[in-house]
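S.K.: What follows is final-v8.cif, made up of mmCIF, C-alpha atoms:
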```
data_work
loop_
_atom_site.group_PDB
_atom_site.id
_atom_site.type_symbol
_atom_site.label_atom_id
_atom_site.label_comp_id
_atom_site.auth_asym_id
_atom_site.auth_seq_id
_atom_site.Cartn_x
_atom_site.Cartn_y
_atom_site.Cartn_z
ATOM 1 C CA MET A 20 -41.412 4.201 -22.371
ATOM 2 C CA ALA A 21 -39.271 1.688 -20.511
ATOM 3 C CA PHE A 22 -36.294 -0.027 -22.053
ATOM 4 C CA VAL A 23 -36.731 -3.779 -22.533
ATOM 5 C CA SER A 24 -33.678 -5.834 -23.331
ATOM 6 C CA LEU A 25 -33.810 -8.340 -26.158
ATOM 7 C CA LYS A 26 -33.016 -11.112 -23.685
ATOM 8 C CA ALA A 27 -35.968 -10.132 -21.461
ATOM 9 C CA TRP A 28 -38.269 -9.819 -24.457
ATOM 10 C CA ARG A 29 -37.275 -13.290 -25.695
ATOM 11 C CA ALA A 30 -37.806 -14.805 -22.247
ATOM 12 C CA ARG A 31 -41.255 -13.220 -21.956
ATOM 13 C CA SER A 32 -42.126 -14.288 -25.484
ATOM 14 C CA ALA A 33 -41.106 -17.892 -24.763
ATOM 15 C CA GLU A 34 -43.073 -17.866 -21.503
ATOM 16 C CA ARG A 35 -46.209 -16.578 -23.238
ATOM 17 C CA ALA A 36 -45.833 -19.173 -26.009
ATOM 18 C CA ALA A 37 -45.627 -21.919 -23.371
ATOM 19 C CA ILE A 38 -48.742 -20.570 -21.611
ATOM 20 C CA ALA A 39 -50.621 -20.468 -24.932
ATOM 21 C CA ALA A 40 -49.518 -24.023 -25.811
ATOM 22 C CA ARG A 41 -50.701 -25.360 -22.425
ATOM 23 C CA LEU A 42 -54.031 -23.537 -22.745
ATOM 24 C CA LYS A 43 -54.472 -24.834 -26.288
ATOM 25 C CA GLN A 44 -53.873 -28.420 -25.139
ATOM 26 C CA ASP A 45 -56.279 -28.006 -22.195
ATOM 27 C CA LEU A 46 -58.929 -26.613 -24.555
ATOM 28 C CA ARG A 47 -58.429 -29.390 -27.140
ATOM 29 C CA THR A 48 -59.037 -31.967 -24.416
ATOM 30 C CA ALA A 49 -61.979 -30.117 -22.820
ATOM 31 C CA LEU A 50 -63.679 -29.519 -26.188
ATOM 32 C CA GLY A 51 -63.113 -33.107 -27.301
ATOM 33 C CA LEU A 52 -61.414 -32.115 -30.541
ATOM 34 C CA GLY A 53 -60.097 -34.801 -32.857
ATOM 35 C CA GLU A 54 -57.014 -34.945 -35.054
ATOM 36 C CA ALA A 55 -58.879 -33.396 -38.002
ATOM 37 C CA ASP A 56 -60.013 -30.425 -35.899
ATOM 38 C CA THR A 57 -58.023 -27.230 -35.392
ATOM 39 C CA LEU A 58 -57.884 -24.755 -32.549
ATOM 40 C CA ALA A 59 -56.413 -21.248 -32.534
ATOM 41 C CA VAL A 60 -55.841 -19.301 -29.321
ATOM 42 C CA ASN A 61 -54.901 -15.619 -29.466
ATOM 43 C CA GLU A 62 -54.813 -12.686 -27.106
ATOM 44 C CA ILE A 63 -56.080 -9.387 -28.472
ATOM 45 C CA ALA A 64 -56.566 -5.861 -27.194
ATOM 46 C CA CYS A 65 -60.188 -4.911 -26.625
ATOM 47 C CA ALA A 66 -61.160 -1.245 -26.954
ATOM 48 C CA ASP A 67 -64.888 -1.696 -26.236
ATOM 49 C CA PRO A 68 -66.194 0.041 -23.100
ATOM 50 C CA GLY A 69 -66.580 -2.423 -20.232
ATOM 51 C CA CYS A 70 -64.173 -4.829 -21.871
ATOM 52 C CA PRO A 71 -60.899 -5.844 -20.235
ATOM 53 C CA ASP A 72 -57.735 -4.415 -21.813
ATOM 54 C CA MET A 73 -56.802 -7.850 -23.164
ATOM 55 C CA GLU A 74 -59.006 -10.830 -23.936
ATOM 56 C CA THR A 75 -58.441 -14.331 -25.248
ATOM 57 C CA ILE A 76 -60.101 -15.384 -28.484
ATOM 58 C CA VAL A 77 -60.518 -19.090 -29.238
ATOM 59 C CA LEU A 78 -61.302 -20.226 -32.772
ATOM 60 C CA VAL A 79 -62.734 -23.742 -32.872
ATOM 61 C CA MET A 80 -62.464 -25.246 -36.338
ATOM 62 C CA ARG A 81 -64.095 -28.677 -36.460
ATOM 63 C CA ALA A 82 -63.808 -30.662 -39.668
ATOM 64 C CA GLY A 83 -66.970 -30.181 -41.722
ATOM 65 C CA ALA A 84 -68.425 -27.500 -39.428
ATOM 66 C CA PRO A 85 -68.366 -23.695 -39.482
ATOM 67 C CA THR A 86 -65.618 -22.033 -37.454
ATOM 68 C CA ARG A 87 -66.727 -20.792 -34.040
ATOM 69 C CA ALA A 88 -65.154 -17.762 -32.377
ATOM 70 C CA LEU A 89 -65.423 -17.815 -28.595
ATOM 71 C CA LYS A 90 -64.200 -15.224 -26.084
ATOM 72 C CA ILE A 91 -62.625 -15.486 -22.682
ATOM 73 C CA ARG A 92 -62.693 -12.021 -21.165
ATOM 74 C CA ARG A 93 -59.261 -12.325 -19.584
ATOM 75 C CA PRO A 94 -55.667 -12.167 -20.742
ATOM 76 C CA ILE A 95 -54.279 -15.515 -21.855
ATOM 77 C CA ASP A 96 -52.120 -15.905 -18.735
ATOM 78 C CA ALA A 97 -55.116 -15.365 -16.423
ATOM 79 C CA VAL A 98 -57.381 -18.049 -17.921
ATOM 80 C CA ASP A 99 -58.326 -20.620 -15.281
ATOM 81 C CA PRO A 100 -60.256 -23.942 -15.241
ATOM 82 C CA ASP A 101 -63.547 -22.112 -14.603
ATOM 83 C CA ASP A 102 -63.022 -20.073 -17.787
ATOM 84 C CA ILE A 103 -62.353 -23.273 -19.737
ATOM 85 C CA ALA A 104 -65.511 -24.893 -18.330
ATOM 86 C CA ALA A 105 -67.566 -21.816 -19.286
ATOM 87 C CA LEU A 106 -66.104 -21.849 -22.801
ATOM 88 C CA VAL A 107 -66.958 -25.550 -23.204
ATOM 89 C CA ALA A 108 -70.514 -24.862 -22.002
ATOM 90 C CA GLU A 109 -70.812 -21.985 -24.488
ATOM 91 C CA ASP A 110 -69.528 -24.222 -27.284
ATOM 92 C CA ARG A 111 -72.010 -26.962 -26.398
ATOM 93 C CA SER A 112 -74.922 -24.539 -26.144
ATOM 94 C CA SER A 113 -74.097 -23.195 -29.588
ATOM 95 C CA ASP A 114 -74.302 -26.788 -30.901
ATOM 96 C CA ALA A 115 -77.944 -26.734 -29.824
ATOM 97 C CA SER A 116 -78.687 -23.395 -31.536
ATOM 98 C CA PRO A 117 -80.477 -23.555 -34.894
ATOM 99 C CA SER A 118 -77.602 -22.077 -36.875
ATOM 100 C CA GLY A 119 -74.929 -24.007 -34.980
ATOM 101 C CA VAL A 120 -72.696 -20.937 -34.949
ATOM 102 C CA SER A 121 -71.662 -19.033 -31.850
ATOM 103 C CA THR A 122 -71.249 -15.302 -32.212
ATOM 104 C CA MET A 123 -68.952 -13.136 -30.208
#
```
Go through the file and emit its structure as structure tokens.
M.R.:
Amino acid sequence: MAFVSLKAWRARSAERAAIAARLKQDLRTALGLGEADTLAVNEIACADPGCPDMETIVLVMRAGAPTRALKIRRPIDAVDPDDIAALVAEDRSSDASPSGVSTM
């Protein structure tokens, strides 16, 4: 195991927080969320076969609607505009589904 200084860890942590904040803002705009809506963006480890080591989970919580959990099969720092467009399309297609809930 490699030694990581506290200073390096803090710098990486701040960088990842900034990346997550930018992605969250981009997603809020792309999804057309209002002030009453909430969005959570997290990176998690995925142990499923065929799954990347890390993936980004987006929870879309619209006021008065069930929470939707959507996946981007990339680490948070690798998410690009195409991933955002695909997530928006998935969110919109789940609006058309009978239950209105997208499953992961």
S.K.: So that I can check the surroundings of stretch 80-90 of chain A, please list as an MDAnalysis selection string every protein, DNA and RNA residue that reaches within 10 Å of it, counting all atoms listed in the file and ignoring chain neighbours fewer than 2 positions away.
M.R.: chainID A and resid 52:62 74:78 92:93 102 106:107 109:110 113 118:123
S.K.: Using Å and a single decimal, report how far atom CA of A:Pro100 sits from atom CA of A:Ser112.
M.R.: 18.3 Å
S.K.: Rounded to one decimal place, report the atom CA of A:Ala64-atom CA of A:Ala37 distance in Å.
M.R.: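 Between atom CA of A:Ala64 and atom CA of A:Ala37 the gap works out to 19.8 Å.
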S.K.: One number please: atom CA of A:Val98 to atom CA of A:Trp28, in Å, one decimal.
M.R.: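 Atom CA of A:Trp28 lies at a distance of 21.8 Å from atom CA of A:Val98.
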S.K.: What's the 9 Å shell around A:Ala49, counting only C-alpha atoms, without same-chain residues fewer than 5 positions away, as a list of chain:residue names?
M.R.: A:Gln44, A:Ile103, A:Ala104, A:Val107
S.K.: Show which residues sit within 9 Å of A:Asp96, as an MDAnalysis selection string. Count only C-alpha atoms, and ignore same-chain residues fewer than 6 positions away.
M.R.: chainID A and resid 35 38:39 42
